[in-house]
Amino acid sequence: MSPIPIADDCVVTFHYQLTLEDGTVADSTRGGEAFAYLHGHHGIVPGLERQLGGRQAGDKLQIEVPPAEGYGEFDPAAEQQVPRAAFPEEHEPVVGMMFHTESRSGEPQPIWVKALSGDQVTITRNHPLAGRTLTFAVEIVGVRRAKPEELTHGHVHGPGGHHHH
Ligand code: ZN
């Protein structure tokens with residue numbers, strides 16, 4: 001069977017190590033289960049998805065993703081201070097914690113806790129990796145066509161994906 005090039009509606013399984021400009025390793029699947037996603041369904045950052053297109057199982061590549069195609073540009077205006085009392089008791093704020101609020105249009109919006117100082121909490125709409133150039137060392141493990149129910153759900157079932165049924 002000839003290898004399948006990565007295209008929309010393919011299930012792609014890969015190992016990766018994510019490194020930032022300063023050499024910090026931000027994330028890695030090494031030593032664990034490979035990550036699986038459905039190509040063309042926005043399951044991974046846009047720049048990574050775009051550059052994986054046309055590749056195939058066995059490929060090893062270094063992919064650089066600028067902020068605009070990664071977790072967005074850093075927006076200093078996206079930060080604000082709120083009193084700690086604004087958090088419900090069962091949700092004690094912790095630095096790095098992510099939660100959802102509703103935007104003005106009613107969309108769920110992710111918010112991160114950036115800092116704690118006295119009874120003030122700094123929250124931000126910037127993803128922790130906003131403004132960073134991401135370098136992914138990728139090894140593509142497998143490429144297959146998605147099953148109809150995976151396309152309906154918009155995510156991968158089985159190893160590296162969802163295990164909800
Ligand atoms: Zn599902």
# chains A, B, ... in the order shown; residues from 1 in each chain; ligands from 1

call {"tool": "select_by_dssp", "arguments": {"residues": "chain A", "states": "alpha helix (DSSP H)", "output": "MDAnalysis selection string"}}
result
chainID A and resid 46:52 148:153

call {"tool": "write_last_selection", "arguments": {"atoms": "all heavy atoms", "output": "compact mmCIF listing (two decimals), in the first residue's frame"}}
result
# COMPACT_ATOMS: atom_id res chain seq x y z
N PRO A 46 -2.64 26.50 13.84
CA PRO A 46 -2.76 26.59 12.38
C PRO A 46 -1.45 26.39 11.62
O PRO A 46 -1.41 25.72 10.59
CB PRO A 46 -3.32 28.00 12.14
CG PRO A 46 -3.91 28.42 13.44
CD PRO A 46 -3.21 27.67 14.52
N GLY A 47 -0.35 26.99 12.12
CA GLY A 47 0.92 26.91 11.40
C GLY A 47 1.48 25.50 11.35
O GLY A 47 2.12 25.10 10.37
N LEU A 48 1.23 24.74 12.41
CA LEU A 48 1.69 23.35 12.45
C LEU A 48 0.85 22.50 11.50
O LEU A 48 1.37 21.73 10.69
CB LEU A 48 1.60 22.81 13.88
CG LEU A 48 2.06 21.37 14.11
CD1 LEU A 48 3.52 21.18 13.69
CD2 LEU A 48 1.87 20.97 15.57
N GLU A 49 -0.45 22.69 11.55
CA GLU A 49 -1.35 21.94 10.68
C GLU A 49 -1.03 22.20 9.21
O GLU A 49 -0.92 21.27 8.40
CB GLU A 49 -2.80 22.32 10.99
CG GLU A 49 -3.82 21.52 10.20
CD GLU A 49 -5.24 21.72 10.73
OE1 GLU A 49 -5.70 22.87 10.73
OE2 GLU A 49 -5.87 20.73 11.12
N ARG A 50 -0.85 23.48 8.88
CA ARG A 50 -0.56 23.84 7.49
C ARG A 50 0.71 23.17 6.99
O ARG A 50 0.75 22.62 5.89
CB ARG A 50 -0.43 25.37 7.40
CG ARG A 50 -0.19 25.89 5.99
CD ARG A 50 -0.19 27.42 5.93
NE ARG A 50 0.87 28.05 6.73
CZ ARG A 50 2.16 28.05 6.40
NH1 ARG A 50 2.58 27.46 5.31
NH2 ARG A 50 3.05 28.65 7.19
N GLN A 51 1.76 23.18 7.83
CA GLN A 51 3.05 22.66 7.38
C GLN A 51 3.13 21.13 7.41
O GLN A 51 4.05 20.54 6.85
CB GLN A 51 4.19 23.27 8.19
CG GLN A 51 4.31 24.79 7.94
CD GLN A 51 5.46 25.41 8.72
OE1 GLN A 51 6.62 25.14 8.46
NE2 GLN A 51 5.13 26.24 9.69
N LEU A 52 2.18 20.50 8.07
CA LEU A 52 2.14 19.03 8.06
C LEU A 52 1.43 18.51 6.80
O LEU A 52 1.60 17.34 6.43
CB LEU A 52 1.44 18.49 9.31
CG LEU A 52 2.27 18.50 10.60
CD1 LEU A 52 1.39 18.16 11.80
CD2 LEU A 52 3.45 17.54 10.51
N PRO A 148 -16.12 7.61 9.42
CA PRO A 148 -17.24 8.56 9.34
C PRO A 148 -17.62 9.16 10.69
O PRO A 148 -17.89 10.35 10.78
CB PRO A 148 -18.38 7.71 8.77
CG PRO A 148 -17.70 6.62 8.01
CD PRO A 148 -16.42 6.33 8.73
N GLU A 149 -17.63 8.32 11.77
CA GLU A 149 -18.06 8.88 13.06
C GLU A 149 -17.01 9.83 13.64
O GLU A 149 -17.35 10.74 14.41
CB GLU A 149 -18.46 7.78 14.07
CG GLU A 149 -17.31 7.08 14.77
CD GLU A 149 -16.95 5.77 14.09
OE1 GLU A 149 -17.32 5.59 12.89
OE2 GLU A 149 -16.30 4.93 14.73
N GLU A 150 -15.75 9.68 13.25
CA GLU A 150 -14.74 10.64 13.70
C GLU A 150 -14.97 12.00 13.03
O GLU A 150 -14.80 13.05 13.65
CB GLU A 150 -13.33 10.12 13.38
CG GLU A 150 -12.92 8.93 14.25
CD GLU A 150 -11.58 8.36 13.86
OE1 GLU A 150 -11.33 8.17 12.64
OE2 GLU A 150 -10.77 8.09 14.75
N LEU A 151 -15.37 11.96 11.76
CA LEU A 151 -15.65 13.21 11.05
C LEU A 151 -16.88 13.89 11.64
O LEU A 151 -16.91 15.11 11.79
CB LEU A 151 -15.84 12.94 9.56
CG LEU A 151 -14.59 12.46 8.83
CD1 LEU A 151 -14.90 12.12 7.38
CD2 LEU A 151 -13.48 13.52 8.89
N THR A 152 -17.88 13.10 12.01
CA THR A 152 -19.08 13.66 12.63
C THR A 152 -18.75 14.34 13.95
O THR A 152 -19.22 15.43 14.25
CB THR A 152 -20.13 12.55 12.88
OG1 THR A 152 -20.31 11.83 11.66
CG2 THR A 152 -21.46 13.13 13.32
N HIS A 153 -17.89 13.67 14.75
CA HIS A 153 -17.53 14.21 16.07
C HIS A 153 -16.48 15.31 15.97
O HIS A 153 -16.32 16.11 16.89
CB HIS A 153 -16.98 13.10 16.97
CG HIS A 153 -18.02 12.13 17.44
ND1 HIS A 153 -17.89 11.40 18.59
CD2 HIS A 153 -19.21 11.78 16.90
CE1 HIS A 153 -18.97 10.63 18.74
NE2 HIS A 153 -19.77 10.84 17.73

call {"tool": "residues_around", "arguments": {"residues": "Gly161 in chain A", "least_positions_apart": "5", "cutoff": "10 Å", "atoms": "only C-alpha atoms", "output": "list in words"}}
result
Val11, Thr13, Glu33, Ala34, Phe35, Ala36, Tyr37, Leu38, His155 and Val156 of chain A

call {"tool": "write_last_selection", "arguments": {"atoms": "N, CA, C and O atoms", "output": "mmCIF file, in the first residue's frame"}}
result
data_model
loop_
_atom_site.group_PDB
_atom_site.id
_atom_site.type_symbol
_atom_site.label_atom_id
_atom_site.label_comp_id
_atom_site.auth_asym_id
_atom_site.auth_seq_id
_atom_site.Cartn_x
_atom_site.Cartn_y
_atom_site.Cartn_z
ATOM 1 N N VAL A 11 -6.481 11.107 9.786
ATOM 2 C CA VAL A 11 -6.057 11.034 11.184
ATOM 3 C C VAL A 11 -4.541 10.907 11.187
ATOM 4 O O VAL A 11 -3.985 9.993 10.582
ATOM 5 N N THR A 13 -1.054 10.705 13.419
ATOM 6 C CA THR A 13 -0.469 10.411 14.724
ATOM 7 C C THR A 13 1.000 10.797 14.667
ATOM 8 O O THR A 13 1.697 10.413 13.719
ATOM 9 N N GLU A 33 2.511 8.522 24.966
ATOM 10 C CA GLU A 33 1.680 8.167 23.826
ATOM 11 C C GLU A 33 1.782 9.261 22.758
ATOM 12 O O GLU A 33 1.788 10.441 23.087
ATOM 13 N N ALA A 34 1.886 8.849 21.497
ATOM 14 C CA ALA A 34 1.916 9.825 20.409
ATOM 15 C C ALA A 34 0.576 10.564 20.365
ATOM 16 O O ALA A 34 -0.452 10.041 20.787
ATOM 17 N N PHE A 35 0.609 11.790 19.860
ATOM 18 C CA PHE A 35 -0.585 12.635 19.778
ATOM 19 C C PHE A 35 -1.302 12.366 18.453
ATOM 20 O O PHE A 35 -0.661 12.205 17.418
ATOM 21 N N ALA A 36 -2.623 12.322 18.484
ATOM 22 C CA ALA A 36 -3.388 12.112 17.255
ATOM 23 C C ALA A 36 -4.372 13.256 17.050
ATOM 24 O O ALA A 36 -4.971 13.733 18.004
ATOM 25 N N TYR A 37 -4.509 13.701 15.789
ATOM 26 C CA TYR A 37 -5.486 14.759 15.505
ATOM 27 C C TYR A 37 -6.093 14.521 14.132
ATOM 28 O O TYR A 37 -5.575 13.744 13.324
ATOM 29 N N LEU A 38 -7.185 15.217 13.902
ATOM 30 C CA LEU A 38 -7.911 15.127 12.640
ATOM 31 C C LEU A 38 -7.489 16.312 11.770
ATOM 32 O O LEU A 38 -7.762 17.462 12.118
ATOM 33 N N HIS A 155 -13.248 14.744 15.980
ATOM 34 C CA HIS A 155 -12.030 14.371 16.686
ATOM 35 C C HIS A 155 -11.717 12.887 16.479
ATOM 36 O O HIS A 155 -12.554 12.131 15.981
ATOM 37 N N VAL A 156 -10.485 12.526 16.862
ATOM 38 C CA VAL A 156 -9.992 11.167 16.653
ATOM 39 C C VAL A 156 -10.462 10.248 17.778
ATOM 40 O O VAL A 156 -10.493 10.649 18.936
#

call {"tool": "closest_atom_pairs", "arguments": {"of": "range 13-35 of chain A", "to": "range 55-68 of chain A", "cutoff": "12 Å", "atoms": "only C-alpha atoms", "output": "CSV"}}
result
residue,atom,partner,partner_atom,distance
A:Thr13,CA,A:Ala57,CA,8.5
A:Phe14,CA,A:Ala57,CA,8.5
A:His15,CA,A:Lys60,CA,9.5
A:Tyr16,CA,A:Gln62,CA,9.5
A:Gln17,CA,A:Gln62,CA,9.6
A:Leu18,CA,A:Ile63,CA,9.5
A:Thr19,CA,A:Glu64,CA,9.6
A:Leu20,CA,A:Glu64,CA,9.8
A:Glu21,CA,A:Glu64,CA,10.2

call {"tool": "select_by_dssp", "arguments": {"residues": "range 11-160 of chain A", "states": "strand (DSSP E)", "output": "ChimeraX atom specification"}}
result
/A:11-19,25-28,35-38,60-65,79-83,98-102,108-117,120-124,134-145

call {"tool": "residues_around", "arguments": {"residues": "Gln81 in chain A", "least_positions_apart": "5", "cutoff": "7 Å", "atoms": "only C-alpha atoms", "output": "MDAnalysis selection string"}}
result
chainID A and resid 120:123

call {"tool": "write_last_selection", "arguments": {"atoms": "C-alpha atoms", "output": "mmCIF file, in the first residue's frame"}}
result
data_model
loop_
_atom_site.group_PDB
_atom_site.id
_atom_site.type_symbol
_atom_site.label_atom_id
_atom_site.label_comp_id
_atom_site.auth_asym_id
_atom_site.auth_seq_id
_atom_site.Cartn_x
_atom_site.Cartn_y
_atom_site.Cartn_z
ATOM 1 C CA GLN A 120 -5.534 40.761 43.645
ATOM 2 C CA VAL A 121 -5.476 38.260 40.794
ATOM 3 C CA THR A 122 -4.015 39.125 37.375
ATOM 4 C CA ILE A 123 -5.974 37.394 34.651
#

call {"tool": "residues_around", "arguments": {"residues": "Ala115 in chain A", "least_positions_apart": "5", "cutoff": "12 Å", "atoms": "only C-alpha atoms", "output": "PyMOL selection string"}}
result
chain A and resi 79-84+93-97+120-124+128

call {"tool": "closest_residue", "arguments": {"among": "A:Arg125, A:Ala146, A:Thr133, A:His91", "to": "Thr24 in chain A", "atoms": "only C-alpha atoms"}}
result
A:Thr133

call {"tool": "atom_distance", "arguments": {"atom1": "CA of Val138 in chain A", "atom2": "CA of Met98 in chain A"}}
result
26.5 Å

call {"tool": "residues_around", "arguments": {"residues": "Asp9 in chain A", "least_positions_apart": "3", "cutoff": "9 Å", "atoms": "only C-alpha atoms", "output": "ChimeraX atom specification"}}
result
/A:6,38-41,144-147,151

call {"tool": "write_last_selection", "arguments": {"atoms": "N, CA, C and O atoms", "output": "short mmCIF file (atom, residue, chain, number, x, y, z; two decimals), in the first residue's frame"}}
result
data_model
loop_
_atom_site.label_atom_id
_atom_site.label_comp_id
_atom_site.auth_asym_id
_atom_site.auth_seq_id
_atom_site.Cartn_x
_atom_site.Cartn_y
_atom_site.Cartn_z
N ILE A 6 -0.65 13.54 4.01
CA ILE A 6 -1.58 14.19 4.93
C ILE A 6 -2.44 15.20 4.18
O ILE A 6 -1.93 16.08 3.48
N LEU A 38 -7.19 15.22 13.90
CA LEU A 38 -7.91 15.13 12.64
C LEU A 38 -7.49 16.31 11.77
O LEU A 38 -7.76 17.46 12.12
N HIS A 39 -6.79 16.03 10.67
CA HIS A 39 -6.25 17.13 9.85
C HIS A 39 -7.38 17.92 9.18
O HIS A 39 -8.33 17.34 8.66
N GLY A 40 -7.24 19.25 9.21
CA GLY A 40 -8.21 20.13 8.57
C GLY A 40 -9.37 20.52 9.47
O GLY A 40 -10.32 21.13 9.01
N HIS A 41 -9.29 20.14 10.77
CA HIS A 41 -10.40 20.45 11.69
C HIS A 41 -9.95 21.34 12.85
O HIS A 41 -10.59 21.36 13.90
N ARG A 144 -3.89 7.85 8.46
CA ARG A 144 -4.98 7.03 7.92
C ARG A 144 -6.18 7.91 7.65
O ARG A 144 -6.25 9.04 8.13
N ARG A 145 -7.10 7.38 6.86
CA ARG A 145 -8.33 8.14 6.62
C ARG A 145 -9.23 8.06 7.85
O ARG A 145 -9.31 7.01 8.49
N ALA A 146 -9.90 9.16 8.16
CA ALA A 146 -10.79 9.17 9.32
C ALA A 146 -12.02 8.32 9.06
O ALA A 146 -12.46 8.17 7.92
N LYS A 147 -12.56 7.73 10.14
CA LYS A 147 -13.83 6.99 10.03
C LYS A 147 -14.97 8.00 10.02
O LYS A 147 -14.84 9.10 10.56
N LEU A 151 -15.37 11.96 11.76
CA LEU A 151 -15.65 13.21 11.05
C LEU A 151 -16.88 13.89 11.64
O LEU A 151 -16.91 15.11 11.79
#

call {"tool": "closest_residue", "arguments": {"among": "A:Gly160, A:Thr135, A:Glu92, A:Gly154", "to": "ligand 1", "atoms": "only C-alpha atoms and all ligand atoms"}}
result
A:Gly154

call {"tool": "residues_around", "arguments": {"residues": "His100 in chain A", "least_positions_apart": "5", "cutoff": "7 Å", "atoms": "only C-alpha atoms", "output": "MDAnalysis selection string"}}
result
chainID A and resid 108:111

call {"tool": "atom_distance", "arguments": {"atom1": "CA of Gly158 in chain A", "atom2": "CA of Ala26 in chain A"}}
result
25.1 Å

call {"tool": "decode", "arguments": {"residues": "range 99-152 of chain A", "atoms": "C-alpha atoms", "output": "short mmCIF file (atom, residue, chain, number, x, y, z; two decimals), in the first residue's frame"}}
result
data_model
loop_
_atom_site.label_atom_id
_atom_site.label_comp_id
_atom_site.auth_asym_id
_atom_site.auth_seq_id
_atom_site.Cartn_x
_atom_site.Cartn_y
_atom_site.Cartn_z
CA PHE A 99 -10.95 28.74 33.01
CA HIS A 100 -13.72 29.92 30.73
CA THR A 101 -15.78 33.06 30.87
CA GLU A 102 -18.30 34.31 28.37
CA SER A 103 -17.35 36.99 25.88
CA ARG A 104 -19.76 39.83 25.18
CA SER A 105 -21.14 37.84 22.23
CA GLY A 106 -21.76 34.84 24.51
CA GLU A 107 -18.88 32.71 23.18
CA PRO A 108 -16.86 30.73 25.72
CA GLN A 109 -13.54 32.52 26.18
CA PRO A 110 -10.44 30.98 27.78
CA ILE A 111 -8.81 33.05 30.54
CA TRP A 112 -5.56 32.26 32.35
CA VAL A 113 -4.44 33.21 35.86
CA LYS A 114 -1.12 34.99 35.38
CA ALA A 115 -0.18 36.21 38.84
CA LEU A 116 -1.42 36.46 42.42
CA SER A 117 -0.61 39.39 44.64
CA GLY A 118 -2.32 39.91 47.99
CA ASP A 119 -6.03 39.86 47.32
CA GLN A 120 -5.53 40.76 43.64
CA VAL A 121 -5.48 38.26 40.79
CA THR A 122 -4.02 39.13 37.38
CA ILE A 123 -5.97 37.39 34.65
CA THR A 124 -5.19 37.40 30.95
CA ARG A 125 -6.77 36.38 27.68
CA ASN A 126 -3.27 35.73 26.29
CA HIS A 127 -2.49 32.03 25.96
CA PRO A 128 0.66 31.25 28.03
CA LEU A 129 2.50 30.75 24.71
CA ALA A 130 1.12 33.90 23.01
CA GLY A 131 3.86 35.93 21.33
CA ARG A 132 6.23 32.96 21.22
CA THR A 133 7.78 31.41 18.13
CA LEU A 134 7.21 27.68 18.39
CA THR A 135 9.62 25.08 17.05
CA PHE A 136 8.19 21.59 16.74
CA ALA A 137 10.49 18.60 16.19
CA VAL A 138 7.98 16.22 14.64
CA GLU A 139 8.08 12.54 13.79
CA ILE A 140 5.00 11.37 11.94
CA VAL A 141 4.02 7.92 13.18
CA GLY A 142 0.89 7.18 11.16
CA VAL A 143 -1.58 8.60 8.66
CA ARG A 144 -4.98 7.03 7.92
CA ARG A 145 -8.33 8.14 6.62
CA ALA A 146 -10.79 9.17 9.32
CA LYS A 147 -13.83 6.99 10.03
CA PRO A 148 -17.24 8.56 9.34
CA GLU A 149 -18.06 8.88 13.06
CA GLU A 150 -14.74 10.64 13.70
CA LEU A 151 -15.65 13.21 11.05
CA THR A 152 -19.08 13.66 12.63
#
